[in-house]
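Here is the structure we will look at.
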Protein chains: 2
Amino acid sequence: MTYCVGLLLHDGLVMISDTRTNAGVDDIATFRKLHIFETPEERVLAIASAGNLSLTQTVLDYLMEGLPNRSTGESETLMKTTTMFSAAQLVGRAIREVHRTEGPSLEQHDVHFDIALLLGGQIKGGRPRLFMIYAAGNFIEASGDTPFLQIGEHKYGKPILDRAIRYDTDLMDGLKIGLISMDGTMRSNLAVGPPLDCLVVRRDTYRTELAHRITEDDPYFLDLRRRWGEALTAAHRSFPKPPYGTSA
Amino acid sequence: MTYCVGLLLHDGLVMISDTRTNAGVDDIATFRKLHIFETPEERVLAIASAGNLSLTQTVLDYLMEGLPNRSTGESETLMKTTTMFSAAQLVGRAIREVHRTEGPSLEQHDVHFDIALLLGGQIKGGRPRLFMIYAAGNFIEASGDTPFLQIGEHKYGKPILDRAIRYDTDLMDGLKIGLISMDGTMRSNLAVGPPLDCLVVRRDTYRTELAHRITEDDPYFLDLRRRWGEALTAAHRSFPKPPYGTSA
């Protein structure tokens, strides 16, 4: 399993991913799922991936090494795309290429073609954008109304995002809330686990403002988990008890 | 969709269910999913149901009107069972009987045999018990280590239960936390909706202490939602921001 979340805020972009992969509960490993593509002063793009690891890694290889474009004959890479929209299209085409080459064999082995990606970033000349790209290569984009997108095990961590994330949420507050969302997910699903990779890109800077791997014993994250748990407990304890009697 | 939660606490039992059913988002209705079977001074049992409404209603009909027991020739009802264990077995047999009679036709129409039930209660001579009964008629029981069970759309509302529910949680605090869990679920999944039915049974009383339908405009529930939202906001705002820089 996996949990990745991306926030598209007024001030820029936040992306967080876990690093746990599993092929059954008896086969757990750590793999990076948040990949950053940066040319300072020009572009920062990042891809967070969920699904079958062989598929996500192959898609990333195409995006780095180049995907042949049959109409132009050129090899296209993520670092050469000129807009975030064309980057999202390229990622979609890379997924479709992997589906074309790998899909039939996977089907013979009853392996589901399972892949979902978040693509976020900003390229000079354009605004920060955040996309979720599906297994069919189609994609949707985050907007002011819904400024976050999730892939993987998204349900446990969604209520806090629904309540706390607004388009005008401060970037570092967004990161903090995203980490709370991660914490709740990791508590409920052992297949989502540390370390966590996170990225913050401030609008119009075209460089990573923060790129950090948070380990299990990270003092800030431990403190955040403790504070959040204590605050929830203090909150529900302070509320009046239900006043209901036997009336149904 | 549906969300029901049951808590087996030291002091007794709490059960909460929503009432929304849907056959597609364009066909929404309200049906009671929490059914109470009570003989004061002797027994209180309750069943919360999730899944295909025709299946859950048919199972309930068998439990009320009587399920023929082929070995004894007698007709068994929930009100005549002598222990919670035999009640759980009876519910399992009722599900299997419905599967036997309805399953083949449903299969022809590609309708999944989807049913899950929570059975909670106490019968004089025994302790309070809480079971989750699956579509195959088998069941598990809540315990001090895991004092809550959920059916239906369980993920959104689980983190707060994981954090806040202990076996020694007070009954009314349990109801309060259960309502917070319901609130988070209703916010994230429109197929879970009000009114909410809730039940509290105090240990060794053999009667409902509280049985109440909470409507959408219920003042306590509205106040609880508001307080919870405000407390979460105040909490995450009060925490220090992440101290990380560019180091990954």
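Naming works like this for the structure tokens: A, B, ... for the chains as they're shown, residue 1 at the start of each chain, ligands 1 onward in shown order.
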
Write down, as a count of residues only, each residue of chain B that has any atom within 9 Å of an atom of chain A, counting only C-alpha atoms. 52

For Pro128 of chain B, please output as a list in words all residues within 7 Å (counting only C-alpha atoms; exclusion window: fewer than 3 positions along the same chain).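 Listing them by chain and then by number gives Gly12, Gly121, Gln122 and Arg203 of chain B.
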
Just-selected residues, all heavy atoms written as a compact mmCIF listing (two decimals), in the first residue's frame:
# COMPACT_ATOMS: atom_id res chain seq x y z
N GLY B 12 -20.56 -1.16 29.47
CA GLY B 12 -21.67 -1.60 28.63
C GLY B 12 -21.40 -1.42 27.16
O GLY B 12 -20.26 -1.49 26.70
N GLY B 121 -25.23 -6.80 22.73
CA GLY B 121 -26.27 -6.91 23.74
C GLY B 121 -25.83 -7.70 24.95
O GLY B 121 -24.66 -8.11 25.08
N GLN B 122 -26.79 -7.90 25.83
CA GLN B 122 -26.55 -8.70 27.03
C GLN B 122 -27.83 -9.44 27.39
O GLN B 122 -28.93 -8.87 27.35
CB GLN B 122 -26.11 -7.80 28.21
CG GLN B 122 -25.71 -8.61 29.44
CD GLN B 122 -25.22 -7.76 30.60
OE1 GLN B 122 -25.40 -6.54 30.61
NE2 GLN B 122 -24.59 -8.39 31.58
N ARG B 203 -24.19 -2.08 31.45
CA ARG B 203 -23.96 -3.46 31.90
C ARG B 203 -24.91 -3.84 33.03
O ARG B 203 -25.15 -3.05 33.95
CB ARG B 203 -22.50 -3.55 32.38
CG ARG B 203 -22.11 -4.88 33.00
CD ARG B 203 -20.72 -4.78 33.63
NE ARG B 203 -19.70 -4.77 32.58
CZ ARG B 203 -19.07 -5.87 32.13
NH1 ARG B 203 -19.37 -7.06 32.65
NH2 ARG B 203 -18.15 -5.77 31.22

Residue contacts of Asp145 of chain B (12 Å, only C-alpha atoms) excluding same-chain residues fewer than 5 positions away, as a list in words: Leu7, Leu8, Leu9, His10, Asp162, Ile165, Arg166, Tyr167 and Asp168 of chain B

Rank B:Pro147, B:Gly51, B:Pro194, B:Gly103 by their smallest atom-to-atom distance to Phe131 of chain B, using only C-alpha atoms, and report the top residue only.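 Selected residue with least distance to Phe131 of chain B: B:Pro147.
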
Return as a ChimeraX atom specification the full set of residues in segment 8-241 of chain A whose backbone-based DSSP assignment is strand (DSSP E). /A:8-9,12-17,20-22,28-30,34-39,43-51,67-68,75-76,115-123,129-133,139-141,148-152,196-202,208-214

Distance of atom CA of Met79 of chain B from atom CA of Ile133 of chain B, expressed in Å to one decimal place: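 Going from atom CA of Ile133 of chain B over to atom CA of Met79 of chain B, I get 17.9 Å.
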
Record the distance separating atom CA of Thr81 of chain B and atom CA of Ile115 of chain B, expressed in Å with one decimal.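 Distance reported for this atom pair: 21.9 Å.
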
Nearest to Lys124 of chain B by atom-to-atom distance, counting only C-alpha atoms, from B:Ser143, B:Ser49, B:Thr39, B:Thr72: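 Checking each candidate against Lys124 of chain B, we get B:Thr39 as the closest.
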
Could you find all residues in segment 49-158 of chain A that DSSP calls helix (DSSP H, G or I) from the backbone, and write them as a PyMOL selection string? chain A and resi 53-65+78-80+84-108+158

Please produce a file of the residues just selected, as a short mmCIF file (atom, residue, chain, number, x, y, z; two decimals), in the first residue's frame, where the atoms kept are C-alpha atoms.
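Generated file (result_0.cif):
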data_model
loop_
_atom_site.label_atom_id
_atom_site.label_comp_id
_atom_site.auth_asym_id
_atom_site.auth_seq_id
_atom_site.Cartn_x
_atom_site.Cartn_y
_atom_site.Cartn_z
CA LEU A 53 6.17 -0.76 -8.01
CA SER A 54 7.43 -2.30 -11.26
CA LEU A 55 4.93 -0.16 -13.18
CA THR A 56 5.67 3.10 -11.36
CA GLN A 57 9.42 2.59 -11.69
CA THR A 58 9.13 1.83 -15.41
CA VAL A 59 7.03 4.95 -15.98
CA LEU A 60 9.65 7.02 -14.15
CA ASP A 61 12.41 5.48 -16.28
CA TYR A 62 10.57 6.53 -19.45
CA LEU A 63 10.10 10.05 -18.08
CA MET A 64 13.80 10.35 -17.29
CA GLU A 65 15.36 8.47 -20.22
CA LEU A 78 9.91 15.39 -18.17
CA MET A 79 12.84 17.83 -17.96
CA LYS A 80 12.20 19.03 -21.52
CA MET A 84 2.75 21.51 -16.63
CA PHE A 85 -0.12 20.51 -18.92
CA SER A 86 2.25 18.95 -21.44
CA ALA A 87 4.10 17.29 -18.54
CA ALA A 88 0.83 15.70 -17.36
CA GLN A 89 0.12 14.56 -20.92
CA LEU A 90 3.61 13.06 -21.15
CA VAL A 91 3.12 11.16 -17.89
CA GLY A 92 -0.20 9.86 -19.21
CA ARG A 93 1.47 8.71 -22.43
CA ALA A 94 4.24 6.99 -20.44
CA ILE A 95 1.61 5.09 -18.44
CA ARG A 96 -0.15 4.07 -21.67
CA GLU A 97 3.16 2.90 -23.16
CA VAL A 98 3.81 0.75 -20.08
CA HIS A 99 0.27 -0.59 -20.32
CA ARG A 100 0.85 -1.45 -23.97
CA THR A 101 4.11 -3.29 -23.32
CA GLU A 102 3.46 -4.83 -19.88
CA GLY A 103 -0.32 -5.08 -19.68
CA PRO A 104 -0.89 -8.31 -21.64
CA SER A 105 1.73 -10.29 -19.66
CA LEU A 106 0.43 -8.96 -16.35
CA GLU A 107 -3.06 -9.97 -17.37
CA GLN A 108 -1.88 -13.52 -18.05
CA LYS A 158 -9.04 12.58 4.39
#

Mind checking which residues fall within 7 Å of Glu41 of chain B, counting only C-alpha atoms, ignoring those fewer than 2 positions away in the same chain, and posting them as a list in words?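 Final neighbour list, sorted by chain and number: Thr39, Arg43, Thr205, Tyr206 and Arg207 of chain B.
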
How about saving the chosen residues, N, CA, C and O atoms kept, as a PDB file, in the first residue's frame?
ATOM      1  N   THR B  39     -36.368  -7.268  26.091  1.00  0.00           N
ATOM      2  CA  THR B  39     -37.316  -7.710  27.116  1.00  0.00           C
ATOM      3  C   THR B  39     -36.764  -7.166  28.424  1.00  0.00           C
ATOM      4  O   THR B  39     -35.794  -7.722  28.960  1.00  0.00           O
ATOM      5  N   ARG B  43     -33.211  -9.024  28.754  1.00  0.00           N
ATOM      6  CA  ARG B  43     -32.282  -8.948  27.630  1.00  0.00           C
ATOM      7  C   ARG B  43     -32.453  -7.657  26.846  1.00  0.00           C
ATOM      8  O   ARG B  43     -33.557  -7.126  26.746  1.00  0.00           O
ATOM      9  N   THR B 205     -28.022  -4.086  33.336  1.00  0.00           N
ATOM     10  CA  THR B 205     -29.332  -3.439  33.543  1.00  0.00           C
ATOM     11  C   THR B 205     -30.410  -4.111  32.688  1.00  0.00           C
ATOM     12  O   THR B 205     -31.595  -3.997  32.993  1.00  0.00           O
ATOM     13  N   TYR B 206     -30.003  -4.736  31.574  1.00  0.00           N
ATOM     14  CA  TYR B 206     -30.937  -5.466  30.695  1.00  0.00           C
ATOM     15  C   TYR B 206     -32.061  -4.566  30.197  1.00  0.00           C
ATOM     16  O   TYR B 206     -33.207  -4.997  30.091  1.00  0.00           O
ATOM     17  N   ARG B 207     -31.741  -3.313  29.926  1.00  0.00           N
ATOM     18  CA  ARG B 207     -32.702  -2.419  29.296  1.00  0.00           C
ATOM     19  C   ARG B 207     -31.919  -1.310  28.580  1.00  0.00           C
ATOM     20  O   ARG B 207     -30.772  -1.056  28.911  1.00  0.00           O
TER      21      ARG B 207
END

Between A:Val201, A:Ala116, A:Leu161, A:Ile16, single out the one closest to Met132 of chain A, counting only C-alpha atoms.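 Under the stated criterion, the closest residue is A:Ala116.
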